[in-house]
>>> print(open('input-v4.cif').read())   # mmCIF, C-alpha atoms and all ligand atoms
data_structure
#
loop_
_atom_site.label_atom_id
_atom_site.label_comp_id
_atom_site.auth_asym_id
_atom_site.auth_seq_id
_atom_site.Cartn_x
_atom_site.Cartn_y
_atom_site.Cartn_z
CA MET K 19 0.00 0.00 0.00
CA GLY K 20 3.05 2.26 -0.14
CA TRP K 21 2.78 3.44 3.48
CA HIS K 22 6.04 3.16 5.42
CA ARG K 23 4.78 4.15 8.84
CA THR K 24 2.73 2.30 11.43
CA ILE K 25 -0.26 0.41 10.05
CA VAL K 26 -3.23 -0.66 12.16
CA THR K 27 -5.91 -2.83 10.58
CA ASP K 28 -9.33 -3.69 11.93
CA SER K 29 -10.54 -7.26 11.83
CA GLY K 30 -13.80 -6.76 9.97
CA GLY K 31 -16.01 -7.17 13.06
CA PHE K 32 -17.21 -3.57 12.96
CA GLN K 33 -17.48 -3.60 9.17
CA VAL K 34 -19.92 -6.52 9.47
CA PHE K 35 -22.02 -4.32 11.75
CA SER K 36 -22.34 -1.77 8.95
CA LEU K 37 -23.17 -4.29 6.17
CA ALA K 38 -26.74 -5.37 5.45
CA GLY K 39 -27.67 -9.06 5.16
CA THR K 40 -24.91 -10.55 7.36
CA LYS K 41 -25.47 -13.57 9.59
CA ILE K 42 -23.37 -14.29 12.66
CA SER K 43 -22.86 -17.82 13.94
CA ASP K 44 -20.28 -19.48 16.15
CA ASP K 45 -18.21 -20.32 13.04
CA GLY K 46 -17.88 -16.71 11.92
CA VAL K 47 -19.80 -14.26 9.75
CA VAL K 48 -21.67 -15.03 6.56
CA PHE K 49 -21.83 -11.98 4.31
CA VAL K 50 -22.73 -11.16 0.72
CA ALA K 51 -19.62 -10.26 -1.31
CA GLN K 52 -20.11 -6.94 -3.09
CA SER K 53 -17.92 -8.08 -5.99
CA ASP K 54 -20.06 -11.01 -7.18
CA GLY K 55 -23.10 -11.26 -4.87
CA THR K 56 -22.10 -14.70 -3.50
CA ARG K 57 -22.48 -15.61 0.18
CA ARG K 58 -19.17 -16.21 1.95
CA LEU K 59 -18.11 -17.27 5.42
CA MET K 60 -15.44 -15.23 7.24
CA PRO K 61 -14.15 -17.19 10.23
CA PRO K 62 -11.91 -15.42 12.82
CA GLU K 63 -8.87 -17.33 11.49
CA ASP K 64 -9.31 -15.79 8.01
CA SER K 65 -9.42 -12.28 9.46
CA ILE K 66 -6.05 -12.89 11.15
CA ARG K 67 -4.56 -14.46 8.03
CA ILE K 68 -5.64 -11.46 5.88
CA GLN K 69 -4.30 -8.92 8.38
CA GLU K 70 -1.00 -10.82 8.60
CA SER K 71 -0.63 -10.80 4.84
CA LEU K 72 -1.32 -7.04 4.70
CA GLY K 73 1.76 -6.56 6.91
CA SER K 74 0.05 -4.40 9.55
CA ASP K 75 1.95 -3.56 12.73
CA ILE K 76 -1.12 -3.86 14.94
CA ILE K 77 -3.86 -6.31 14.02
CA MET K 78 -7.19 -6.67 15.77
CA ALA K 79 -9.01 -9.80 16.94
CA PHE K 80 -12.25 -10.57 15.08
CA ASP K 81 -15.09 -9.40 17.31
CA HIS K 82 -18.86 -9.34 17.30
CA CYS K 83 -20.00 -5.71 17.50
CA PRO K 84 -23.58 -5.49 18.82
CA ARG K 85 -26.14 -3.81 16.57
CA SER K 86 -27.63 -1.95 19.51
CA TRP K 87 -25.94 -0.43 22.57
CA ASN K 88 -28.80 -1.14 24.97
CA ASP K 89 -30.29 -4.53 23.98
CA ASP K 90 -29.27 -6.82 26.86
CA ALA K 91 -29.63 -10.16 25.04
CA GLU K 92 -27.64 -8.86 22.05
CA LEU K 93 -24.91 -7.52 24.37
CA VAL K 94 -24.54 -10.88 26.14
CA ARG K 95 -24.35 -12.70 22.80
CA SER K 96 -21.82 -10.27 21.36
CA THR K 97 -19.61 -10.43 24.48
CA GLU K 98 -19.57 -14.24 24.60
CA THR K 99 -18.93 -14.59 20.85
CA THR K 100 -16.14 -11.98 21.05
CA ILE K 101 -14.43 -13.93 23.87
CA ARG K 102 -14.60 -17.26 21.99
CA TRP K 103 -13.34 -15.69 18.75
CA ALA K 104 -10.50 -13.87 20.59
CA SER K 105 -9.13 -17.23 21.71
CA ARG K 106 -9.29 -18.57 18.13
CA CYS K 107 -7.54 -15.41 16.85
CA ARG K 108 -4.77 -15.83 19.42
CA ASP K 109 -4.26 -19.46 18.25
CA ALA K 110 -4.28 -18.43 14.57
CA HIS K 111 -1.79 -15.58 15.05
CA ARG K 112 1.60 -16.64 13.60
CA ASN K 113 3.59 -13.49 12.77
CA ARG K 114 5.15 -12.37 16.05
CA ALA K 115 6.51 -9.18 14.43
CA GLN K 116 2.91 -7.99 14.56
CA GLU K 117 1.00 -7.22 17.74
CA LEU K 118 -2.45 -8.74 18.09
CA PHE K 119 -4.85 -6.64 20.18
CA GLY K 120 -8.06 -7.96 21.73
CA ILE K 121 -11.37 -6.10 21.43
CA ILE K 122 -13.53 -5.51 24.49
CA GLN K 123 -17.31 -5.66 24.00
CA GLY K 124 -20.14 -5.47 26.52
CA GLY K 125 -22.03 -2.33 25.54
CA ILE K 126 -22.65 0.00 28.46
CA SER K 127 -23.01 -2.88 30.95
CA PRO K 128 -20.26 -2.70 33.61
CA ARG K 129 -20.77 -6.39 34.40
CA LEU K 130 -20.29 -7.50 30.76
CA ARG K 131 -17.31 -5.19 30.15
CA GLU K 132 -15.63 -6.60 33.24
CA ARG K 133 -16.45 -10.19 32.24
CA CYS K 134 -14.99 -9.53 28.77
CA ILE K 135 -11.77 -7.91 30.06
CA LEU K 136 -11.07 -10.69 32.58
CA ALA K 137 -11.65 -13.40 29.95
CA LEU K 138 -9.45 -11.60 27.37
CA GLU K 139 -6.71 -11.06 29.94
CA ARG K 140 -6.65 -14.83 30.54
CA ILE K 141 -6.00 -15.29 26.81
CA GLY K 142 -3.42 -12.46 26.98
CA PHE K 143 -3.07 -9.41 24.70
CA PRO K 144 -0.60 -6.49 24.80
CA GLY K 145 -3.34 -3.96 24.06
CA TYR K 146 -7.10 -3.67 23.73
CA GLY K 147 -9.59 -1.96 21.51
CA ILE K 148 -12.61 -0.77 23.48
CA GLY K 149 -15.21 -1.55 20.84
CA GLY K 150 -18.96 -1.19 20.46
CA LEU K 151 -18.89 2.52 21.35
CA SER K 152 -20.00 5.54 19.36
CA ILE K 153 -22.89 3.49 17.93
CA GLY K 154 -25.63 5.83 19.15
CA GLU K 155 -25.18 5.89 22.93
CA PRO K 156 -24.93 9.30 24.68
CA PHE K 157 -21.31 10.43 25.10
CA GLU K 158 -21.64 10.34 28.92
CA GLU K 159 -22.19 6.57 28.58
CA THR K 160 -19.13 6.27 26.31
CA LEU K 161 -17.05 8.14 28.87
CA ARG K 162 -18.36 6.10 31.82
CA THR K 163 -17.71 2.82 29.97
CA VAL K 164 -14.18 3.81 28.96
CA ARG K 165 -13.39 4.91 32.53
CA LEU K 166 -14.57 1.53 33.81
CA CYS K 167 -12.47 -0.40 31.25
CA VAL K 168 -9.35 1.67 31.96
CA ASP K 169 -9.79 1.05 35.70
CA ILE K 170 -9.92 -2.72 35.23
CA LEU K 171 -7.16 -3.05 32.60
CA PRO K 172 -3.55 -3.47 33.79
CA GLU K 173 -1.60 -0.21 33.30
CA THR K 174 0.84 -1.87 30.91
CA ARG K 175 -1.82 -2.53 28.22
CA VAL K 176 -2.38 -0.13 25.32
CA ARG K 177 -5.92 1.31 25.45
CA TYR K 178 -7.49 2.04 22.10
CA VAL K 179 -10.97 3.54 21.76
CA MET K 180 -12.37 2.48 18.42
CA GLY K 181 -14.49 4.80 16.29
CA VAL K 182 -14.16 8.11 18.17
CA GLY K 183 -12.55 11.12 16.45
CA GLU K 184 -14.50 14.19 17.60
CA PRO K 185 -11.78 16.59 18.85
CA LEU K 186 -13.26 17.40 22.27
CA GLN K 187 -14.39 13.81 22.86
CA MET K 188 -10.85 12.56 22.17
CA LEU K 189 -9.43 15.01 24.72
CA SER K 190 -11.94 13.81 27.34
CA LEU K 191 -10.99 10.20 26.63
CA ILE K 192 -7.24 10.97 26.70
CA GLU K 193 -7.86 12.44 30.15
CA GLU K 194 -9.26 9.02 31.15
CA GLY K 195 -6.04 7.33 29.99
CA VAL K 196 -6.76 6.39 26.36
CA ASP K 197 -3.70 5.99 24.08
CA LEU K 198 -5.06 5.40 20.59
CA PHE K 199 -8.06 6.24 18.37
CA ASP K 200 -9.31 5.61 14.87
CA CYS K 201 -12.24 7.26 13.13
CA GLY K 202 -13.71 7.79 9.68
CA MET K 203 -15.38 11.04 10.74
CA PRO K 204 -12.66 13.59 9.74
CA THR K 205 -12.62 12.44 6.11
CA ARG K 206 -16.34 11.60 5.94
CA ILE K 207 -17.42 15.11 6.98
CA ALA K 208 -14.71 16.59 4.72
CA ARG K 209 -16.34 14.93 1.72
CA HIS K 210 -19.54 16.77 2.65
CA GLY K 211 -17.70 20.09 2.94
CA THR K 212 -17.23 20.31 6.71
CA ALA K 213 -13.84 21.38 8.04
CA LEU K 214 -12.53 20.92 11.58
CA THR K 215 -11.01 24.14 12.85
CA SER K 216 -9.68 25.40 16.17
CA ARG K 217 -12.97 27.34 16.45
CA GLY K 218 -15.21 24.36 15.77
CA LYS K 219 -16.61 22.92 12.55
CA ILE K 220 -17.36 25.08 9.53
CA ALA K 221 -19.48 24.22 6.47
CA ILE K 222 -17.39 25.52 3.59
CA LYS K 223 -20.32 25.57 1.15
CA SER K 224 -21.95 28.34 3.16
CA ALA K 225 -22.53 31.65 1.35
CA ARG K 226 -20.68 33.52 4.10
CA PHE K 227 -17.37 32.21 2.68
CA LYS K 228 -18.02 33.46 -0.85
CA ASN K 229 -15.40 36.22 -0.68
CA ASP K 230 -13.44 34.95 2.33
CA GLU K 231 -9.72 35.02 1.54
CA LEU K 232 -8.67 33.49 4.89
CA PRO K 233 -7.48 29.85 5.09
CA LEU K 234 -9.83 27.15 6.51
CA ASP K 235 -8.19 27.55 9.90
CA VAL K 236 -6.05 30.61 10.54
CA GLY K 237 -3.81 28.74 13.00
CA CYS K 238 -3.21 25.72 10.72
CA SER K 239 0.04 25.22 8.82
CA CYS K 240 -1.12 22.33 6.60
CA PRO K 241 -0.45 22.57 2.83
CA VAL K 242 -4.14 23.40 2.19
CA CYS K 243 -4.24 26.30 4.64
CA ARG K 244 -0.88 27.59 3.40
CA THR K 245 -2.10 27.67 -0.21
CA TRP K 246 -5.87 28.05 -0.68
CA SER K 247 -8.60 30.34 0.65
CA ARG K 248 -12.02 29.45 2.00
CA ALA K 249 -13.54 31.20 -1.04
CA TYR K 250 -11.61 28.95 -3.43
CA LEU K 251 -12.46 25.77 -1.48
CA ARG K 252 -16.12 26.82 -1.45
CA HIS K 253 -15.95 27.32 -5.21
CA LEU K 254 -14.53 23.78 -5.65
CA PHE K 255 -17.43 22.28 -3.66
CA ASN K 256 -20.07 24.33 -5.39
CA THR K 257 -18.79 23.35 -8.83
CA ARG K 258 -18.56 19.66 -7.75
CA GLU K 259 -14.82 19.61 -8.37
CA ILE K 260 -13.44 16.52 -6.59
CA LEU K 261 -10.27 18.38 -5.58
CA GLY K 262 -12.35 20.15 -2.90
CA LEU K 263 -13.13 16.82 -1.18
CA ARG K 264 -9.46 15.89 -1.19
CA LEU K 265 -8.21 19.23 0.14
CA VAL K 266 -10.67 19.45 3.04
CA SER K 267 -9.92 15.76 3.87
CA LEU K 268 -6.20 16.54 3.99
CA HIS K 269 -6.76 19.54 6.26
CA ASN K 270 -9.04 17.57 8.62
CA LEU K 271 -6.46 14.80 8.96
CA VAL K 272 -3.67 17.28 9.71
CA PHE K 273 -5.93 19.08 12.21
CA THR K 274 -6.67 15.79 14.00
CA ALA K 275 -3.05 14.57 14.00
CA ARG K 276 -1.85 17.96 15.24
CA LEU K 277 -4.36 17.94 18.12
CA ILE K 278 -3.08 14.53 19.23
CA GLU K 279 0.55 15.74 18.97
CA ARG K 280 -0.32 18.70 21.17
CA ALA K 281 -1.99 16.38 23.69
CA ARG K 282 1.09 14.14 23.72
CA SER K 283 3.47 17.06 24.39
CA ALA K 284 1.16 18.48 27.05
CA ILE K 285 1.10 15.12 28.87
CA ALA K 286 4.91 14.88 28.71
CA GLU K 287 5.15 18.41 30.13
CA ASN K 288 2.51 17.81 32.78
CA ARG K 289 0.09 20.47 31.50
CA PHE K 290 -2.66 18.41 29.85
CA PRO K 291 -5.60 19.89 31.86
CA ALA K 292 -4.56 23.42 30.78
CA LEU K 293 -4.35 22.38 27.11
CA LYS K 294 -7.73 20.64 27.29
CA SER K 295 -9.52 23.66 28.74
CA ALA K 296 -7.83 26.05 26.28
CA VAL K 297 -8.80 23.90 23.27
CA GLU K 298 -12.38 23.51 24.56
CA LYS K 299 -12.76 27.23 25.09
CA GLU K 300 -11.51 28.12 21.61
CA TYR K 301 -13.44 25.28 19.90
CA ASN K 302 -16.71 26.54 21.32
CA LEU K 303 -16.11 30.15 20.17
CA SER K 304 -17.32 30.10 16.56
ZN ZN K 401 -5.15 23.24 7.38
#
>>> encode(input="input-v4.cif", output="structure tokens")
Amino acid sequence: MGWHRTIVTDSGGFQVFSLAGTKISDDGVVFVAQSDGTRRLMPPEDSIRIQESLGSDIIMAFDHCPRSWNDDAELVRSTETTIRWASRCRDAHRNRAQELFGIIQGGISPRLRERCILALERIGFPGYGIGGLSIGEPFEETLRTVRLCVDILPETRVRYVMGVGEPLQMLSLIEEGVDLFDCGMPTRIARHGTALTSRGKIAIKSARFKNDELPLDVGCSCPVCRTWSRAYLRHLFNTREILGLRLVSLHNLVFTARLIERARSAIAENRFPALKSAVEKEYNLS
């Protein structure tokens, strides 16, 4: 794939959640292939084999993400399937140059999250994805669940919250002890013309940017902000020029990476609470 830095791949568990017509059994997931419409079985072992062949640095165990965050029977089923599959993934994992992380399920149930963590710790993983979040639950529940998981996990394990990328939410989760995130949001909203800026989100298609010669974010030093104005980016969106989607995506990725770099330095310099309140204050000023 031509990327010479760290690569993290997901197992496909969450992607199943977003596909229609899938069926989950103890053997794995049956899904309809988009390429030829045939039904195929993906067992946990295949997910590991594929991630090993991609050469990722961190690979994820195949998990069962619940379709609903507050359906008790579904949460029990997803937790138990995730635990059984994690053990199969551990057995299938051959390439020791790659780290295999477990995924914790259990919805917003403290009892199920704890059950899942203790069972996964018996199998043994160097890090964990906290999965099944950001699927419609209120953010207070996300925060409470992450806090609970971080409290139970040994301090030496990497803690990775899957699917959260909202700037202020990430800072709140970093404060709880989270190390790693992934999210499709920054590029998804960029393709609809929404830019992340230090003063909150802006919709670049808005008429108020028609003659605005400022960059997307005045404080940003990304190649997009150094080169093009809001008025030009708005023009690209309004004329359906695909370059606009690419440029706002690039800016949103730089914005997100830069925020995490700032959080990392602030932690190292023991001033994270001050950074968090300064970013929150500015973000809410639009
Ligand atoms: Zn920028």
>>> residues_around(input="input-v4.cif", residues="segment 257-263 of chain K", least_positions_apart="6", cutoff="7 Å", atoms="only C-alpha atoms", output="ChimeraX atom specification")
/K:208-209,211,251
>>> residues_near_ligand(input="input-v4.cif", ligand="ligand ZN 401 (chain K)", cutoff="8 Å", atoms="all atoms listed in the file", output="ChimeraX atom specification")
/K:233-235,237-244,266,268-270,272-273
>>> write_last_selection(input="input-v4.cif", atoms="C-alpha atoms", output="PDB file, in the frame of the given file")
ATOM      1  CA  PRO K 233      -7.480  29.850   5.090  1.00  0.00           C
ATOM      2  CA  LEU K 234      -9.830  27.150   6.510  1.00  0.00           C
ATOM      3  CA  ASP K 235      -8.190  27.550   9.900  1.00  0.00           C
ATOM      4  CA  GLY K 237      -3.810  28.740  13.000  1.00  0.00           C
ATOM      5  CA  CYS K 238      -3.210  25.720  10.720  1.00  0.00           C
ATOM      6  CA  SER K 239       0.040  25.220   8.820  1.00  0.00           C
ATOM      7  CA  CYS K 240      -1.120  22.330   6.600  1.00  0.00           C
ATOM      8  CA  PRO K 241      -0.450  22.570   2.830  1.00  0.00           C
ATOM      9  CA  VAL K 242      -4.140  23.400   2.190  1.00  0.00           C
ATOM     10  CA  CYS K 243      -4.240  26.300   4.640  1.00  0.00           C
ATOM     11  CA  ARG K 244      -0.880  27.590   3.400  1.00  0.00           C
ATOM     12  CA  VAL K 266     -10.670  19.450   3.040  1.00  0.00           C
ATOM     13  CA  LEU K 268      -6.200  16.540   3.990  1.00  0.00           C
ATOM     14  CA  HIS K 269      -6.760  19.540   6.260  1.00  0.00           C
ATOM     15  CA  ASN K 270      -9.040  17.570   8.620  1.00  0.00           C
ATOM     16  CA  VAL K 272      -3.670  17.280   9.710  1.00  0.00           C
ATOM     17  CA  PHE K 273      -5.930  19.080  12.210  1.00  0.00           C
TER      18      PHE K 273
END
>>> closest_residue(input="input-v4.cif", among="K:Leu37, K:Gly202, K:Leu161, K:Arg114", to="Phe49 of chain K", atoms="only C-alpha atoms")
K:Leu37
>>> residues_around(input="input-v4.cif", residues="Glu132 of chain K", least_positions_apart="5", cutoff="12 Å", atoms="only C-alpha atoms", output="list in words")
Thr97, Ile101, Ile122, Gln123, Gly124, Gly125, Ile126, Ser127, Ala137, Leu138, Glu139, Ile148, Thr163, Val164, Arg165, Leu166, Cys167, Val168, Asp169, Ile170 and Leu171 of chain K
>>> closest_residue(input="input-v4.cif", among="K:Ala284, K:Ile222, K:Ala115, K:Ile141", to="Ile192 of chain K", atoms="all atoms listed in the file")
K:Ala284
>>> closest_residue(input="input-v4.cif", among="K:Arg108, K:Arg282, K:Arg177, K:Arg58", to="Gly46 of chain K", atoms="all atoms listed in the file")
K:Arg58
>>> atom_distance(input="input-v4.cif", atom1="atom CA of Leu232 of chain K", atom2="atom CA of Trp246 of chain K")
8.3 Å
>>> atom_distance(input="input-v4.cif", atom1="atom CA of His82 of chain K", atom2="atom CA of Glu194 of chain K")
24.9 Å
>>> axis_aligned_box(input="input-v4.cif", around="segment 124-127 of chain K", padding_each_side="3 Å", output="JSON")
{"center_x": -21.6, "center_y": -2.7, "center_z": 28.2, "size_x": 8.9, "size_y": 11.5, "size_z": 11.4}
>>> atom_distance(input="input-v4.cif", atom1="atom CA of Thr274 of chain K", atom2="atom CA of Thr215 of chain K")
9.5 Å
>>> residues_around(input="input-v4.cif", residues="Pro61 of chain K", least_positions_apart="6", cutoff="12 Å", atoms="all atoms listed in the file", output="list in words")
Ser29, Gly30, Gly31, Lys41, Ile42, Ser43, Asp44, Asp45, Gly46, Val47, Val48, Phe49, Arg67, Ile68, Ala79, Phe80, Asp81, His82, Thr99, Arg102, Trp103, Ala104, Arg106, Cys107 and Ala110 of chain K
>>> closest_residue(input="input-v4.cif", among="K:Ser105, K:Thr56, K:Ser96, K:Gln116", to="Ser71 of chain K", atoms="all atoms listed in the file")
K:Gln116
>>> closest_residue(input="input-v4.cif", among="K:Thr174, K:Asn113, K:Thr160, K:Thr205", to="Phe143 of chain K", atoms="only C-alpha atoms")
K:Thr174
>>> residues_around(input="input-v4.cif", residues="Met188 of chain K", least_positions_apart="6", cutoff="10 Å", atoms="all atoms listed in the file", output="VMD selection string")
chain K and resid 179 182 194 196 to 199 274 277 to 278 281
>>> closest_residue(input="input-v4.cif", among="K:Cys83, K:Val236, K:Glu287, K:Gly55", to="Gln33 of chain K", atoms="all atoms listed in the file")
K:Cys83
>>> residues_around(input="input-v4.cif", residues="Tyr146 of chain K", least_positions_apart="6", cutoff="6 Å", atoms="all atoms listed in the file", output="ChimeraX atom specification")
/K:119-121,177-178
>>> write_last_selection(input="input-v4.cif", atoms="C-alpha atoms", output="PDB file, in the frame of the given file")
ATOM      1  CA  PHE K 119      -4.850  -6.640  20.180  1.00  0.00           C
ATOM      2  CA  GLY K 120      -8.060  -7.960  21.730  1.00  0.00           C
ATOM      3  CA  ILE K 121     -11.370  -6.100  21.430  1.00  0.00           C
ATOM      4  CA  ARG K 177      -5.920   1.310  25.450  1.00  0.00           C
ATOM      5  CA  TYR K 178      -7.490   2.040  22.100  1.00  0.00           C
TER       6      TYR K 178
END
>>> decode(input="input-v4.cif", residues="segment 249-279 of chain K", atoms="N, CA and C atoms", output="PDB file, in the first residue's frame")
ATOM      1  N   ALA K 249     -12.728  30.882   0.147  1.00  0.00           N
ATOM      2  CA  ALA K 249     -13.543  31.205  -1.037  1.00  0.00           C
ATOM      3  C   ALA K 249     -13.251  30.221  -2.177  1.00  0.00           C
ATOM      4  N   TYR K 250     -11.968  29.893  -2.357  1.00  0.00           N
ATOM      5  CA  TYR K 250     -11.612  28.953  -3.432  1.00  0.00           C
ATOM      6  C   TYR K 250     -12.131  27.547  -3.120  1.00  0.00           C
ATOM      7  N   LEU K 251     -11.976  27.115  -1.862  1.00  0.00           N
ATOM      8  CA  LEU K 251     -12.457  25.775  -1.482  1.00  0.00           C
ATOM      9  C   LEU K 251     -13.978  25.693  -1.644  1.00  0.00           C
ATOM     10  N   ARG K 252     -14.658  26.779  -1.286  1.00  0.00           N
ATOM     11  CA  ARG K 252     -16.121  26.822  -1.454  1.00  0.00           C
ATOM     12  C   ARG K 252     -16.481  26.686  -2.934  1.00  0.00           C
ATOM     13  N   HIS K 253     -15.724  27.392  -3.757  1.00  0.00           N
ATOM     14  CA  HIS K 253     -15.947  27.315  -5.206  1.00  0.00           C
ATOM     15  C   HIS K 253     -15.790  25.869  -5.697  1.00  0.00           C
ATOM     16  N   LEU K 254     -14.746  25.177  -5.218  1.00  0.00           N
ATOM     17  CA  LEU K 254     -14.528  23.781  -5.645  1.00  0.00           C
ATOM     18  C   LEU K 254     -15.734  22.904  -5.277  1.00  0.00           C
ATOM     19  N   PHE K 255     -16.269  23.086  -4.068  1.00  0.00           N
ATOM     20  CA  PHE K 255     -17.434  22.282  -3.661  1.00  0.00           C
ATOM     21  C   PHE K 255     -18.655  22.637  -4.499  1.00  0.00           C
ATOM     22  N   ASN K 256     -18.847  23.915  -4.701  1.00  0.00           N
ATOM     23  CA  ASN K 256     -20.073  24.328  -5.395  1.00  0.00           C
ATOM     24  C   ASN K 256     -20.051  24.023  -6.885  1.00  0.00           C
ATOM     25  N   THR K 257     -18.854  23.761  -7.430  1.00  0.00           N
ATOM     26  CA  THR K 257     -18.785  23.352  -8.835  1.00  0.00           C
ATOM     27  C   THR K 257     -18.549  21.845  -8.947  1.00  0.00           C
ATOM     28  N   ARG K 258     -18.703  21.128  -7.811  1.00  0.00           N
ATOM     29  CA  ARG K 258     -18.555  19.658  -7.753  1.00  0.00           C
ATOM     30  C   ARG K 258     -17.206  19.183  -8.263  1.00  0.00           C
ATOM     31  N   GLU K 259     -16.187  19.975  -7.995  1.00  0.00           N
ATOM     32  CA  GLU K 259     -14.823  19.606  -8.375  1.00  0.00           C
ATOM     33  C   GLU K 259     -14.255  18.725  -7.256  1.00  0.00           C
ATOM     34  N   ILE K 260     -13.824  17.511  -7.612  1.00  0.00           N
ATOM     35  CA  ILE K 260     -13.436  16.522  -6.591  1.00  0.00           C
ATOM     36  C   ILE K 260     -12.216  16.954  -5.782  1.00  0.00           C
ATOM     37  N   LEU K 261     -11.428  17.872  -6.324  1.00  0.00           N
ATOM     38  CA  LEU K 261     -10.271  18.384  -5.579  1.00  0.00           C
ATOM     39  C   LEU K 261     -10.693  18.958  -4.219  1.00  0.00           C
ATOM     40  N   GLY K 262     -11.864  19.575  -4.165  1.00  0.00           N
ATOM     41  CA  GLY K 262     -12.351  20.149  -2.902  1.00  0.00           C
ATOM     42  C   GLY K 262     -12.455  19.087  -1.808  1.00  0.00           C
ATOM     43  N   LEU K 263     -12.980  17.909  -2.154  1.00  0.00           N
ATOM     44  CA  LEU K 263     -13.133  16.817  -1.183  1.00  0.00           C
ATOM     45  C   LEU K 263     -11.763  16.386  -0.655  1.00  0.00           C
ATOM     46  N   ARG K 264     -10.803  16.348  -1.578  1.00  0.00           N
ATOM     47  CA  ARG K 264      -9.461  15.895  -1.190  1.00  0.00           C
ATOM     48  C   ARG K 264      -8.776  16.921  -0.291  1.00  0.00           C
ATOM     49  N   LEU K 265      -8.912  18.196  -0.637  1.00  0.00           N
ATOM     50  CA  LEU K 265      -8.208  19.227   0.137  1.00  0.00           C
ATOM     51  C   LEU K 265      -8.771  19.348   1.549  1.00  0.00           C
ATOM     52  N   VAL K 266     -10.100  19.326   1.687  1.00  0.00           N
ATOM     53  CA  VAL K 266     -10.665  19.447   3.040  1.00  0.00           C
ATOM     54  C   VAL K 266     -10.347  18.176   3.847  1.00  0.00           C
ATOM     55  N   SER K 267     -10.312  17.012   3.171  1.00  0.00           N
ATOM     56  CA  SER K 267      -9.922  15.764   3.867  1.00  0.00           C
ATOM     57  C   SER K 267      -8.499  15.894   4.418  1.00  0.00           C
ATOM     58  N   LEU K 268      -7.603  16.397   3.570  1.00  0.00           N
ATOM     59  CA  LEU K 268      -6.202  16.543   3.989  1.00  0.00           C
ATOM     60  C   LEU K 268      -6.111  17.470   5.197  1.00  0.00           C
ATOM     61  N   HIS K 269      -6.789  18.613   5.127  1.00  0.00           N
ATOM     62  CA  HIS K 269      -6.759  19.543   6.264  1.00  0.00           C
ATOM     63  C   HIS K 269      -7.298  18.881   7.532  1.00  0.00           C
ATOM     64  N   ASN K 270      -8.439  18.171   7.417  1.00  0.00           N
ATOM     65  CA  ASN K 270      -9.040  17.569   8.622  1.00  0.00           C
ATOM     66  C   ASN K 270      -8.121  16.520   9.238  1.00  0.00           C
ATOM     67  N   LEU K 271      -7.395  15.791   8.410  1.00  0.00           N
ATOM     68  CA  LEU K 271      -6.455  14.796   8.955  1.00  0.00           C
ATOM     69  C   LEU K 271      -5.294  15.481   9.670  1.00  0.00           C
ATOM     70  N   VAL K 272      -4.766  16.551   9.062  1.00  0.00           N
ATOM     71  CA  VAL K 272      -3.670  17.282   9.708  1.00  0.00           C
ATOM     72  C   VAL K 272      -4.167  17.893  11.020  1.00  0.00           C
ATOM     73  N   PHE K 273      -5.372  18.469  10.993  1.00  0.00           N
ATOM     74  CA  PHE K 273      -5.934  19.075  12.206  1.00  0.00           C
ATOM     75  C   PHE K 273      -6.002  18.033  13.327  1.00  0.00           C
ATOM     76  N   THR K 274      -6.498  16.833  12.991  1.00  0.00           N
ATOM     77  CA  THR K 274      -6.674  15.788  14.000  1.00  0.00           C
ATOM     78  C   THR K 274      -5.315  15.294  14.518  1.00  0.00           C
ATOM     79  N   ALA K 275      -4.376  15.051  13.594  1.00  0.00           N
ATOM     80  CA  ALA K 275      -3.047  14.565  14.005  1.00  0.00           C
ATOM     81  C   ALA K 275      -2.334  15.612  14.869  1.00  0.00           C
ATOM     82  N   ARG K 276      -2.507  16.872  14.499  1.00  0.00           N
ATOM     83  CA  ARG K 276      -1.852  17.958  15.241  1.00  0.00           C
ATOM     84  C   ARG K 276      -2.431  18.077  16.664  1.00  0.00           C
ATOM     85  N   LEU K 277      -3.734  17.880  16.787  1.00  0.00           N
ATOM     86  CA  LEU K 277      -4.363  17.939  18.115  1.00  0.00           C
ATOM     87  C   LEU K 277      -3.788  16.842  19.018  1.00  0.00           C
ATOM     88  N   ILE K 278      -3.615  15.646  18.442  1.00  0.00           N
ATOM     89  CA  ILE K 278      -3.077  14.531  19.229  1.00  0.00           C
ATOM     90  C   ILE K 278      -1.605  14.792  19.596  1.00  0.00           C
ATOM     91  N   GLU K 279      -0.850  15.386  18.652  1.00  0.00           N
ATOM     92  CA  GLU K 279       0.553  15.740  18.969  1.00  0.00           C
ATOM     93  C   GLU K 279       0.607  16.730  20.129  1.00  0.00           C
TER      94      GLU K 279
END
